[in-house]
file start_32.cif (mmCIF, C-alpha atoms)
data_upload
loop_
_atom_site.label_atom_id
_atom_site.label_comp_id
_atom_site.auth_asym_id
_atom_site.auth_seq_id
_atom_site.Cartn_x
_atom_site.Cartn_y
_atom_site.Cartn_z
CA MET Y 1 13.84 -48.95 22.08
CA LYS Y 2 12.29 -48.59 25.47
CA ASN Y 3 10.17 -51.61 26.26
CA GLU Y 4 8.71 -50.57 29.57
CA TRP Y 5 5.19 -49.12 29.57
CA PRO Y 6 4.93 -45.73 31.26
CA LEU Y 7 3.90 -45.49 34.89
CA TRP Y 8 0.44 -44.14 35.74
CA GLU Y 9 -0.85 -42.90 39.07
CA VAL Y 10 -4.37 -44.02 39.86
CA PHE Y 11 -7.03 -42.05 41.72
CA ILE Y 12 -10.37 -43.54 42.68
CA ARG Y 13 -13.54 -42.01 43.99
CA GLY Y 14 -14.97 -44.45 46.49
CA GLN Y 15 -18.61 -45.32 46.89
CA HIS Y 16 -19.08 -42.81 49.68
CA GLY Y 17 -15.94 -40.75 49.31
CA MET Y 18 -16.16 -37.11 48.41
CA SER Y 19 -13.08 -36.82 46.26
CA HIS Y 20 -10.77 -39.03 44.25
CA ARG Y 21 -8.00 -40.54 46.35
CA HIS Y 22 -4.65 -41.79 45.26
CA VAL Y 23 -4.69 -45.59 45.52
CA GLY Y 24 -1.48 -46.65 43.80
CA SER Y 25 0.18 -46.90 40.44
CA LEU Y 26 0.48 -49.27 37.51
CA HIS Y 27 1.97 -49.63 34.05
CA ALA Y 28 -0.02 -49.28 30.84
CA PRO Y 29 0.69 -48.41 27.19
CA ASP Y 30 -1.86 -45.56 27.07
CA ALA Y 31 -4.49 -43.74 29.13
CA GLU Y 32 -7.35 -45.92 28.00
CA MET Y 33 -5.56 -49.13 28.98
CA ALA Y 34 -4.45 -47.49 32.22
CA ILE Y 35 -8.10 -46.98 33.15
CA LYS Y 36 -8.92 -50.57 32.25
CA ASN Y 37 -5.96 -51.86 34.24
CA ALA Y 38 -6.95 -49.66 37.16
CA ARG Y 39 -10.43 -51.12 37.00
CA ASP Y 40 -8.96 -54.61 37.18
CA VAL Y 41 -6.26 -53.95 39.74
CA TYR Y 42 -7.91 -51.47 42.10
CA THR Y 43 -11.70 -51.89 41.92
CA ARG Y 44 -12.05 -55.67 42.19
CA ARG Y 45 -13.74 -55.39 45.53
CA ASN Y 46 -16.23 -52.78 44.51
CA GLU Y 47 -14.08 -49.92 45.77
CA GLY Y 48 -14.94 -47.24 43.30
CA VAL Y 49 -17.39 -45.38 41.12
CA SER Y 50 -14.92 -43.25 39.19
CA ILE Y 51 -11.31 -43.57 38.09
CA TRP Y 52 -8.72 -40.96 37.21
CA VAL Y 53 -5.31 -41.83 35.85
CA VAL Y 54 -2.43 -39.52 35.18
CA GLU Y 55 0.94 -40.37 33.79
CA ALA Y 56 3.38 -40.19 36.68
CA ARG Y 57 5.80 -37.94 34.79
CA HIS Y 58 3.14 -35.22 34.64
CA ILE Y 59 3.00 -34.93 38.40
CA ALA Y 60 5.15 -32.14 39.79
CA ALA Y 61 6.20 -32.93 43.33
CA SER Y 62 7.77 -30.90 46.09
CA SER Y 63 11.30 -31.79 46.97
CA PRO Y 64 11.85 -33.69 50.23
CA SER Y 65 14.93 -31.59 50.92
CA ASP Y 66 12.79 -28.45 51.05
CA LYS Y 67 10.85 -29.84 53.99
CA GLY Y 68 12.19 -27.27 56.44
CA PRO Y 69 11.33 -24.08 54.61
CA LEU Y 70 8.10 -25.48 53.19
CA TYR Y 71 6.40 -26.96 56.23
CA GLU Y 72 8.10 -26.00 59.46
CA PRO Y 73 6.88 -22.39 59.48
CA SER Y 74 3.30 -23.61 59.88
CA GLU Y 75 4.07 -25.82 62.85
CA SER Y 76 3.79 -22.98 65.36
CA LYS Y 77 0.62 -21.35 64.05
CA VAL Y 78 -2.13 -22.99 66.09
CA TYR Y 79 -4.43 -20.06 65.41
CA ARG Y 80 -4.79 -21.33 61.85
CA HIS Y 81 -6.77 -24.31 63.13
CA PRO Y 82 -10.39 -23.24 63.38
CA THR Y 83 -10.84 -25.04 66.70
CA PHE Y 84 -11.77 -21.86 68.54
CA PHE Y 85 -15.19 -21.69 66.91
CA ASP Y 86 -18.35 -23.54 67.74
CA ILE Y 87 -19.54 -25.19 64.58
CA PRO Y 88 -23.26 -25.96 64.33
CA GLU Y 89 -24.13 -29.62 63.86
CA GLU Y 90 -26.01 -28.88 60.65
CA VAL Y 91 -22.83 -27.88 58.88
CA GLY Y 92 -21.75 -31.52 58.76
CA ALA Y 93 -18.29 -32.67 57.75
CA MET Y 94 -15.82 -29.86 57.10
CA MET I 1 -35.70 -85.54 23.01
CA SER I 2 -38.08 -83.93 25.45
CA GLN I 3 -38.21 -80.18 25.91
CA ASN I 4 -36.68 -80.60 29.35
CA ASP I 5 -33.79 -82.65 27.98
CA ALA I 6 -33.19 -80.01 25.35
CA LEU I 7 -33.17 -77.27 27.98
CA PHE I 8 -30.67 -79.25 30.07
CA GLU I 9 -28.49 -79.76 27.02
CA PHE I 10 -28.62 -76.05 26.14
CA LEU I 11 -27.66 -75.05 29.70
CA CYS I 12 -24.74 -77.51 29.72
CA ARG I 13 -23.49 -76.05 26.45
CA ILE I 14 -23.35 -72.51 27.71
CA GLY I 15 -22.18 -73.54 31.18
CA ASP I 16 -19.43 -75.80 29.84
CA ASN I 17 -18.22 -73.01 27.55
CA THR I 18 -17.69 -70.71 30.51
CA LEU I 19 -16.30 -73.51 32.70
CA VAL I 20 -13.66 -74.71 30.27
CA LEU I 21 -12.65 -71.25 29.09
CA GLY I 22 -12.56 -70.05 32.70
CA HIS I 23 -10.19 -72.88 33.52
CA ARG I 24 -8.03 -72.22 30.47
CA VAL I 25 -7.72 -68.51 31.26
CA SER I 26 -6.92 -69.27 34.90
CA GLU I 27 -3.86 -71.18 33.70
CA TRP I 28 -2.24 -67.78 33.10
CA CYS I 29 -2.50 -66.87 36.75
CA GLY I 30 1.00 -65.95 37.88
CA HIS I 31 2.44 -66.36 34.36
CA SER I 32 1.18 -63.36 32.39
CA PRO I 33 3.70 -61.04 30.76
CA VAL I 34 2.87 -58.17 33.11
CA LEU I 35 1.21 -57.90 36.50
CA GLU I 36 -1.70 -55.82 35.20
CA GLU I 37 -2.62 -58.38 32.54
CA ASP I 38 -2.23 -61.18 35.05
CA ILE I 39 -4.83 -59.65 37.34
CA ALA I 40 -7.11 -58.78 34.44
CA LEU I 41 -7.02 -62.35 33.12
CA ALA I 42 -7.63 -63.76 36.57
CA ASN I 43 -10.66 -61.47 36.88
CA THR I 44 -11.97 -62.71 33.55
CA ALA I 45 -11.46 -66.33 34.60
CA LEU I 46 -13.30 -65.72 37.85
CA ASP I 47 -16.20 -64.03 36.04
CA LEU I 48 -16.50 -67.06 33.78
CA ILE I 49 -16.39 -69.53 36.67
CA GLY I 50 -19.03 -67.44 38.45
CA GLN I 51 -21.25 -67.64 35.38
CA THR I 52 -20.65 -71.38 35.25
CA GLN I 53 -22.04 -71.77 38.76
CA LEU I 54 -25.25 -70.11 37.62
CA TRP I 55 -25.62 -71.96 34.31
CA LEU I 56 -24.71 -75.42 35.58
CA GLY I 57 -26.64 -74.79 38.79
CA LEU I 58 -29.73 -74.18 36.70
CA ALA I 59 -28.89 -77.17 34.50
CA GLY I 60 -28.85 -79.43 37.56
CA GLU I 61 -32.14 -77.96 38.73
CA VAL I 62 -33.72 -78.54 35.32
CA GLU I 63 -32.38 -82.07 35.16
CA GLY I 64 -33.93 -82.84 38.54
CA LYS I 65 -31.60 -85.69 39.47
CA GLY I 66 -29.98 -83.96 42.41
CA ARG I 67 -26.81 -82.88 40.59
CA ASP I 68 -25.59 -79.39 41.44
CA ALA I 69 -23.07 -77.23 39.56
CA ASP I 70 -20.07 -78.82 41.32
CA ARG I 71 -21.32 -82.30 40.58
CA LEU I 72 -21.71 -81.46 36.89
CA ALA I 73 -18.34 -79.73 36.69
CA PHE I 74 -16.28 -82.29 38.56
CA HIS I 75 -18.02 -85.63 38.07
CA ARG I 76 -18.58 -85.80 34.34
CA ASP I 77 -16.12 -87.23 31.86
CA ALA I 78 -14.97 -85.67 28.60
CA TRP I 79 -17.75 -87.12 26.45
CA ASP I 80 -20.39 -85.47 28.62
CA PHE I 81 -18.98 -82.00 28.11
CA ARG I 82 -20.79 -79.72 25.68
CA ASN I 83 -18.42 -76.79 25.23
CA VAL I 84 -17.31 -75.68 21.77
CA LEU I 85 -13.83 -76.82 20.77
CA LEU I 86 -12.57 -73.23 20.60
CA VAL I 87 -12.50 -72.87 24.39
CA GLU I 88 -10.55 -76.08 25.04
CA VAL I 89 -7.64 -75.52 22.65
CA PRO I 90 -4.37 -74.79 24.46
CA ASN I 91 -3.55 -71.21 25.39
CA GLY I 92 -0.47 -70.99 23.17
CA ASP I 93 1.25 -67.65 23.61
CA PHE I 94 -0.36 -64.61 25.20
CA GLY I 95 -1.47 -63.34 21.79
CA ARG I 96 -3.28 -66.54 20.94
CA THR I 97 -4.98 -66.57 24.32
CA LEU I 98 -6.26 -63.06 23.77
CA MET I 99 -7.29 -63.76 20.18
CA ARG I 100 -9.29 -66.78 21.37
CA GLN I 101 -10.78 -64.64 24.12
CA PHE I 102 -11.83 -62.02 21.60
CA LEU I 103 -13.31 -64.54 19.15
CA PHE I 104 -15.29 -66.08 22.00
CA ASP I 105 -16.24 -62.80 23.70
CA ALA I 106 -17.68 -61.44 20.45
CA TRP I 107 -19.94 -64.49 20.11
CA HIS I 108 -20.69 -64.59 23.83
CA SER I 109 -21.82 -60.97 23.98
CA LEU I 110 -24.14 -61.35 20.98
CA TYR I 111 -25.57 -64.60 22.32
CA LEU I 112 -26.15 -63.22 25.82
CA GLY I 113 -27.76 -60.16 24.26
CA ARG I 114 -30.39 -62.46 22.77
CA LEU I 115 -30.77 -64.41 26.01
CA LEU I 116 -31.75 -61.19 27.79
CA LYS I 117 -35.10 -61.60 26.01
CA SER I 118 -35.42 -65.28 26.81
CA SER I 119 -38.92 -66.54 27.56
CA ASP I 120 -37.40 -68.44 30.50
CA LYS I 121 -37.01 -65.88 33.26
CA ARG I 122 -34.20 -67.81 34.96
CA VAL I 123 -32.17 -67.76 31.75
CA ALA I 124 -32.83 -64.04 31.22
CA GLU I 125 -31.72 -63.26 34.77
CA ILE I 126 -28.40 -65.07 34.43
CA ALA I 127 -27.85 -63.41 31.05
CA GLU I 128 -28.51 -60.01 32.61
CA LYS I 129 -25.73 -60.49 35.15
CA ALA I 130 -23.32 -62.18 32.75
CA SER I 131 -23.75 -59.71 29.90
CA LYS I 132 -22.31 -56.83 31.92
CA GLU I 133 -19.20 -58.84 32.70
CA VAL I 134 -18.88 -60.02 29.13
CA ALA I 135 -19.27 -56.50 27.72
CA TYR I 136 -16.11 -55.64 29.63
CA HIS I 137 -14.32 -58.84 28.56
CA LEU I 138 -15.04 -57.96 24.94
CA GLU I 139 -13.88 -54.37 25.31
CA ARG I 140 -10.65 -55.54 26.85
CA SER I 141 -9.88 -58.42 24.49
CA ALA I 142 -10.77 -56.32 21.42
CA ASP I 143 -8.43 -53.55 22.60
CA THR I 144 -5.63 -56.03 23.12
CA VAL I 145 -6.16 -57.63 19.72
CA VAL I 146 -5.92 -54.19 18.13
CA ALA I 147 -2.88 -53.21 20.18
CA LEU I 148 -0.99 -56.40 19.36
CA GLY I 149 -2.20 -56.72 15.78
CA ASP I 150 -1.30 -53.14 15.02
CA GLY I 151 1.79 -53.30 17.20
CA THR I 152 5.30 -54.41 16.39
CA GLU I 153 6.28 -56.66 13.51
CA GLU I 154 6.58 -59.58 15.92
CA SER I 155 3.28 -59.00 17.71
CA HIS I 156 1.51 -58.62 14.37
CA ALA I 157 2.97 -61.89 13.09
CA ARG I 158 1.97 -63.70 16.27
CA MET I 159 -1.60 -62.39 16.09
CA ALA I 160 -1.86 -63.38 12.43
CA ASP I 161 -0.69 -66.89 13.38
CA ALA I 162 -3.16 -67.01 16.25
CA LEU I 163 -6.01 -66.01 13.97
CA ALA I 164 -5.06 -68.62 11.37
CA TYR I 165 -4.89 -71.30 14.07
CA LEU I 166 -8.17 -70.37 15.76
CA TRP I 167 -10.36 -69.44 12.82
CA PRO I 168 -11.37 -73.04 11.96
CA TYR I 169 -12.83 -73.28 15.48
CA VAL I 170 -15.11 -70.24 15.03
CA GLY I 171 -17.73 -71.92 12.85
CA GLU I 172 -18.86 -74.36 15.51
CA MET I 173 -20.33 -71.53 17.58
CA PHE I 174 -22.87 -70.96 14.82
CA GLU I 175 -23.91 -74.56 14.28
CA GLY I 176 -27.53 -75.27 15.04
CA ASP I 177 -29.14 -78.64 15.72
CA ALA I 178 -32.32 -80.11 17.17
CA VAL I 179 -31.55 -78.69 20.62
CA ASP I 180 -31.21 -75.18 19.21
CA ALA I 181 -34.35 -75.59 17.17
CA ALA I 182 -36.29 -76.60 20.29
CA MET I 183 -34.86 -73.65 22.25
CA ALA I 184 -35.61 -71.21 19.44
CA GLU I 185 -39.15 -72.46 19.08
CA ALA I 186 -39.78 -72.04 22.81
CA GLY I 187 -38.25 -68.55 22.68
CA ILE I 188 -35.65 -69.58 25.25
CA ALA I 189 -32.51 -69.08 23.14
CA PRO I 190 -31.74 -68.01 19.58
CA ASP I 191 -30.68 -70.28 16.78
CA PRO I 192 -26.93 -69.52 16.75
CA SER I 193 -26.72 -69.54 12.96
CA GLY I 194 -28.71 -66.31 12.97
CA LEU I 195 -25.88 -64.50 14.75
CA ARG I 196 -23.19 -65.11 12.16
CA GLU I 197 -23.69 -61.97 10.11
CA GLU I 198 -23.58 -59.68 13.11
CA TYR I 199 -20.55 -61.57 14.41
CA ASP I 200 -18.64 -61.23 11.16
CA ALA I 201 -19.36 -57.50 11.10
CA LEU I 202 -18.15 -57.04 14.68
CA VAL I 203 -15.07 -59.22 14.32
CA GLY I 204 -14.28 -57.76 10.90
CA ARG I 205 -14.31 -54.24 12.31
CA VAL I 206 -11.86 -55.08 15.10
CA LEU I 207 -9.57 -57.16 12.89
CA ALA I 208 -9.43 -54.35 10.33
CA GLU I 209 -8.38 -51.95 13.06
CA ALA I 210 -5.81 -54.53 14.14
CA THR I 211 -4.48 -54.61 10.53
CA LEU I 212 -5.29 -58.32 10.42
CA GLU I 213 -7.03 -59.97 7.52
CA MET I 214 -10.24 -61.76 8.34
CA PRO I 215 -10.05 -65.27 6.87
CA GLU I 216 -12.69 -66.15 4.34
CA ALA I 217 -12.54 -69.91 4.84
CA ARG I 218 -15.67 -71.42 6.32
CA PHE I 219 -14.26 -74.83 7.28
CA ALA I 220 -15.17 -75.60 10.89
CA HIS I 221 -13.95 -78.20 13.37
CA LYS I 222 -17.01 -79.56 15.12
CA GLY I 223 -17.94 -82.07 17.77
CA GLY I 224 -17.65 -80.13 21.02
CA ARG I 225 -21.11 -78.66 21.56
CA ASP I 226 -22.83 -81.94 20.72
CA GLY I 227 -20.20 -84.02 22.56
CA ARG I 228 -19.54 -86.15 19.50
CA MET I 229 -15.78 -85.68 19.51
CA HIS I 230 -13.78 -83.29 21.65
CA THR I 231 -10.14 -82.53 20.93
CA GLU I 232 -7.53 -84.47 22.86
CA HIS I 233 -6.97 -81.36 24.96
CA LEU I 234 -10.20 -81.57 26.95
CA GLY I 235 -9.17 -84.75 28.77
CA HIS I 236 -5.96 -83.08 29.88
CA ILE I 237 -7.89 -80.11 31.24
CA LEU I 238 -10.18 -82.41 33.17
CA THR I 239 -7.35 -84.38 34.77
CA GLN I 240 -6.19 -81.11 36.30
CA MET I 241 -9.55 -79.55 36.99
CA GLN I 242 -11.19 -82.64 38.44
CA TRP I 243 -8.16 -84.13 40.16
CA LEU I 244 -9.20 -83.35 43.70
CA GLN I 245 -12.76 -84.60 43.35
CA ARG I 246 -11.51 -87.77 41.68
CA ALA I 247 -8.87 -88.47 44.32
CA TYR I 248 -11.14 -87.54 47.23
CA PRO I 249 -14.72 -87.93 46.04
CA ASP I 250 -17.10 -85.43 47.61
CA ALA I 251 -14.35 -83.75 49.59
CA SER I 252 -15.41 -80.33 50.78
CA TRP I 253 -13.96 -77.54 52.86
#
call {"tool": "encode", "arguments": {"input": "start_32.cif", "output": "structure tokens"}}
result
Amino acid sequence: MKNEWPLWEVFIRGQHGMSHRHVGSLHAPDAEMAIKNARDVYTRRNEGVSIWVVEARHIAASSPSDKGPLYEPSESKVYRHPTFFDIPEEVGAM
Amino acid sequence: MSQNDALFEFLCRIGDNTLVLGHRVSEWCGHSPVLEEDIALANTALDLIGQTQLWLGLAGEVEGKGRDADRLAFHRDAWDFRNVLLVEVPNGDFGRTLMRQFLFDAWHSLYLGRLLKSSDKRVAEIAEKASKEVAYHLERSADTVVALGDGTEESHARMADALAYLWPYVGEMFEGDAVDAAMAEAGIAPDPSGLREEYDALVGRVLAEATLEMPEARFAHKGGRDGRMHTEHLGHILTQMQWLQRAYPDASW
């Protein structure tokens, strides 16, 4: 029998943040307890207004060894950064 | 007993409940079975100590003899404490700690719910703040009671033992006396005996889900909330909790 609770990744939407951000991980027997634990571990200092948890095994991740083919091709493509445009103030944060 | 004395007594009862339970729960700090539960229990303990500051702070104000919350917490001896016996019994194993938490939280949430409508605005305001914290305590302890009760053979047996050990301490929370009568008449706080039916329904629901049998016995250990006779455990708590103030009176930092 496996005694260890599964690992959950925790995402929290901050008071002023626009999207949920990964803040860390924890162990819990199920999703409901994972949210409660996240509340106790990661929002003690009033950090959040919303919590997402996802079991770590459900996250598909890119492989570190694929770094070259995955990311290097974009290193030399400065024209993909929209820094050549004047953006009106009213647009706000992009 | 004057109305003011009764109000002071009532505030000490509720403040001593949260003080002593807060101290008990804090004893788990660094010792819980898993990190997540350790932090959760510490949060609960801190909530309770925070509530104590408000209740005993108000008690000192009502008493009018210049005692503040710290003075009441650290400079009284066992016979002056007015907490129910349930909160001073030793933690036992993790299951018993959580069972005690649940049995107290269920009463606490119902009681605070009534205090929200207190005719004394100061009482209602403290209840307003505390009831949000306690709603979470109850959700968490009830979940844990269900998880452990309806868990493995061992966890079920431990929770059944915990319930059998703690049940005789439940009745005291519903004992009413002259203080309660005075508070009820003034609309400040309910007569606790009126909460028993709702409590049994709530606790019965959770215990059923936890596959635990709710005891029918009504025998109750008493003597905490009226200070007549605490268990031998309270003195031991106080030697730890009050040590610094006793060794270095009025030390501050």
call {"tool": "closest_residue", "arguments": {"input": "start_32.cif", "among": "Y:Pro82, Y:Gly24, Y:Gly14, Y:Pro6", "to": "Asn46 in chain Y", "atoms": "all atoms listed in the file"}}
result
Y:Gly14
call {"tool": "residues_around", "arguments": {"input": "start_32.cif", "residues": "Met241 in chain I", "least_positions_apart": "3", "cutoff": "9 Å", "atoms": "only C-alpha atoms", "output": "ChimeraX atom specification"}}
result
/I:23,73-74,236-238,244-245
call {"tool": "closest_atom_pairs", "arguments": {"input": "start_32.cif", "of": "chain Y", "to": "chain I", "cutoff": "7 Å", "atoms": "only C-alpha atoms", "output": "CSV"}}
result
residue,atom,partner,partner_atom,distance
Y:Asn37,CA,I:Glu36,CA,5.9
Y:Asp40,CA,I:Ala40,CA,5.3
Y:Val41,CA,I:Ile39,CA,6.3
call {"tool": "closest_residue", "arguments": {"input": "start_32.cif", "among": "I:Asp5, I:Glu172, I:Asp16, I:Asp93", "to": "Pro33 in chain I", "atoms": "all atoms listed in the file"}}
result
I:Asp93
call {"tool": "residues_around", "arguments": {"input": "start_32.cif", "residues": "Ile59 in chain Y", "least_positions_apart": "3", "cutoff": "12 Å", "atoms": "only C-alpha atoms", "output": "ChimeraX atom specification"}}
result
/Y:7-10,53-56,62
call {"tool": "decode", "arguments": {"input": "start_32.cif", "residues": "range 15-91 of chain Y", "atoms": "C-alpha atoms", "output": "PDB file, in the first residue's frame"}}
result
ATOM      1  CA  GLN Y  15      -5.476  40.354  -4.839  1.00  0.00           C
ATOM      2  CA  HIS Y  16      -4.431  42.454  -7.801  1.00  0.00           C
ATOM      3  CA  GLY Y  17      -3.045  39.802 -10.097  1.00  0.00           C
ATOM      4  CA  MET Y  18      -4.670  39.136 -13.421  1.00  0.00           C
ATOM      5  CA  SER Y  19      -4.158  35.407 -13.619  1.00  0.00           C
ATOM      6  CA  HIS Y  20      -3.481  32.477 -11.328  1.00  0.00           C
ATOM      7  CA  ARG Y  21       0.215  31.999 -10.632  1.00  0.00           C
ATOM      8  CA  HIS Y  22       2.009  28.886  -9.586  1.00  0.00           C
ATOM      9  CA  VAL Y  23       3.053  29.313  -5.957  1.00  0.00           C
ATOM     10  CA  GLY Y  24       4.267  25.868  -4.948  1.00  0.00           C
ATOM     11  CA  SER Y  25       3.104  22.377  -4.196  1.00  0.00           C
ATOM     12  CA  LEU Y  26       1.815  20.286  -1.324  1.00  0.00           C
ATOM     13  CA  HIS Y  27       0.489  16.858  -0.432  1.00  0.00           C
ATOM     14  CA  ALA Y  28      -3.180  16.080   0.142  1.00  0.00           C
ATOM     15  CA  PRO Y  29      -5.451  13.024  -0.031  1.00  0.00           C
ATOM     16  CA  ASP Y  30      -7.924  14.627  -2.471  1.00  0.00           C
ATOM     17  CA  ALA Y  31      -8.691  17.837  -4.352  1.00  0.00           C
ATOM     18  CA  GLU Y  32     -10.910  19.267  -1.655  1.00  0.00           C
ATOM     19  CA  MET Y  33      -8.268  18.829   1.037  1.00  0.00           C
ATOM     20  CA  ALA Y  34      -5.635  20.142  -1.361  1.00  0.00           C
ATOM     21  CA  ILE Y  35      -7.573  23.403  -1.618  1.00  0.00           C
ATOM     22  CA  LYS Y  36      -7.924  23.591   2.158  1.00  0.00           C
ATOM     23  CA  ASN Y  37      -4.229  22.876   2.641  1.00  0.00           C
ATOM     24  CA  ALA Y  38      -3.367  25.465   0.014  1.00  0.00           C
ATOM     25  CA  ARG Y  39      -5.492  27.973   1.879  1.00  0.00           C
ATOM     26  CA  ASP Y  40      -3.567  27.229   5.056  1.00  0.00           C
ATOM     27  CA  VAL Y  41      -0.101  26.988   3.555  1.00  0.00           C
ATOM     28  CA  TYR Y  42      -0.152  29.653   0.851  1.00  0.00           C
ATOM     29  CA  THR Y  43      -2.740  32.303   1.750  1.00  0.00           C
ATOM     30  CA  ARG Y  44      -1.904  32.965   5.408  1.00  0.00           C
ATOM     31  CA  ARG Y  45      -0.781  36.469   4.634  1.00  0.00           C
ATOM     32  CA  ASN Y  46      -3.787  37.428   2.612  1.00  0.00           C
ATOM     33  CA  GLU Y  47      -2.123  36.561  -0.683  1.00  0.00           C
ATOM     34  CA  GLY Y  48      -5.056  35.341  -2.664  1.00  0.00           C
ATOM     35  CA  VAL Y  49      -8.669  35.520  -3.724  1.00  0.00           C
ATOM     36  CA  SER Y  50      -8.836  32.278  -5.682  1.00  0.00           C
ATOM     37  CA  ILE Y  51      -7.086  28.918  -5.573  1.00  0.00           C
ATOM     38  CA  TRP Y  52      -6.556  26.283  -8.235  1.00  0.00           C
ATOM     39  CA  VAL Y  53      -5.002  22.925  -7.509  1.00  0.00           C
ATOM     40  CA  VAL Y  54      -4.057  20.237  -9.960  1.00  0.00           C
ATOM     41  CA  GLU Y  55      -2.554  16.891  -9.243  1.00  0.00           C
ATOM     42  CA  ALA Y  56       1.079  17.085 -10.312  1.00  0.00           C
ATOM     43  CA  ARG Y  57       0.873  13.899 -12.388  1.00  0.00           C
ATOM     44  CA  HIS Y  58      -1.662  15.573 -14.681  1.00  0.00           C
ATOM     45  CA  ILE Y  59       0.798  18.239 -15.729  1.00  0.00           C
ATOM     46  CA  ALA Y  60       2.570  17.465 -18.979  1.00  0.00           C
ATOM     47  CA  ALA Y  61       5.938  19.169 -19.079  1.00  0.00           C
ATOM     48  CA  SER Y  62       8.456  19.799 -21.811  1.00  0.00           C
ATOM     49  CA  SER Y  63      11.665  17.889 -21.556  1.00  0.00           C
ATOM     50  CA  PRO Y  64      14.759  19.834 -20.451  1.00  0.00           C
ATOM     51  CA  SER Y  65      16.843  17.945 -23.000  1.00  0.00           C
ATOM     52  CA  ASP Y  66      14.744  19.405 -25.825  1.00  0.00           C
ATOM     53  CA  LYS Y  67      15.813  22.912 -24.859  1.00  0.00           C
ATOM     54  CA  GLY Y  68      17.833  23.462 -28.024  1.00  0.00           C
ATOM     55  CA  PRO Y  69      15.228  22.655 -30.631  1.00  0.00           C
ATOM     56  CA  LEU Y  70      12.375  24.109 -28.594  1.00  0.00           C
ATOM     57  CA  TYR Y  71      13.694  27.510 -27.592  1.00  0.00           C
ATOM     58  CA  GLU Y  72      16.876  28.427 -29.396  1.00  0.00           C
ATOM     59  CA  PRO Y  73      15.220  29.124 -32.759  1.00  0.00           C
ATOM     60  CA  SER Y  74      13.360  32.062 -31.235  1.00  0.00           C
ATOM     61  CA  GLU Y  75      16.473  33.666 -29.798  1.00  0.00           C
ATOM     62  CA  SER Y  76      17.373  35.425 -33.047  1.00  0.00           C
ATOM     63  CA  LYS Y  77      13.938  36.737 -33.978  1.00  0.00           C
ATOM     64  CA  VAL Y  78      13.884  40.224 -32.481  1.00  0.00           C
ATOM     65  CA  TYR Y  79      11.168  41.262 -34.916  1.00  0.00           C
ATOM     66  CA  ARG Y  80       8.733  39.165 -32.896  1.00  0.00           C
ATOM     67  CA  HIS Y  81       8.981  41.648 -30.037  1.00  0.00           C
ATOM     68  CA  PRO Y  82       6.455  44.392 -30.695  1.00  0.00           C
ATOM     69  CA  THR Y  83       8.896  47.093 -29.583  1.00  0.00           C
ATOM     70  CA  PHE Y  84       8.804  48.837 -32.947  1.00  0.00           C
ATOM     71  CA  PHE Y  85       5.315  50.200 -32.359  1.00  0.00           C
ATOM     72  CA  ASP Y  86       4.183  53.178 -30.368  1.00  0.00           C
ATOM     73  CA  ILE Y  87       1.558  51.967 -27.961  1.00  0.00           C
ATOM     74  CA  PRO Y  88      -0.956  54.542 -26.724  1.00  0.00           C
ATOM     75  CA  GLU Y  89      -1.019  55.072 -22.964  1.00  0.00           C
ATOM     76  CA  GLU Y  90      -4.707  54.193 -22.794  1.00  0.00           C
ATOM     77  CA  VAL Y  91      -4.022  50.616 -23.767  1.00  0.00           C
TER      78      VAL Y  91
END
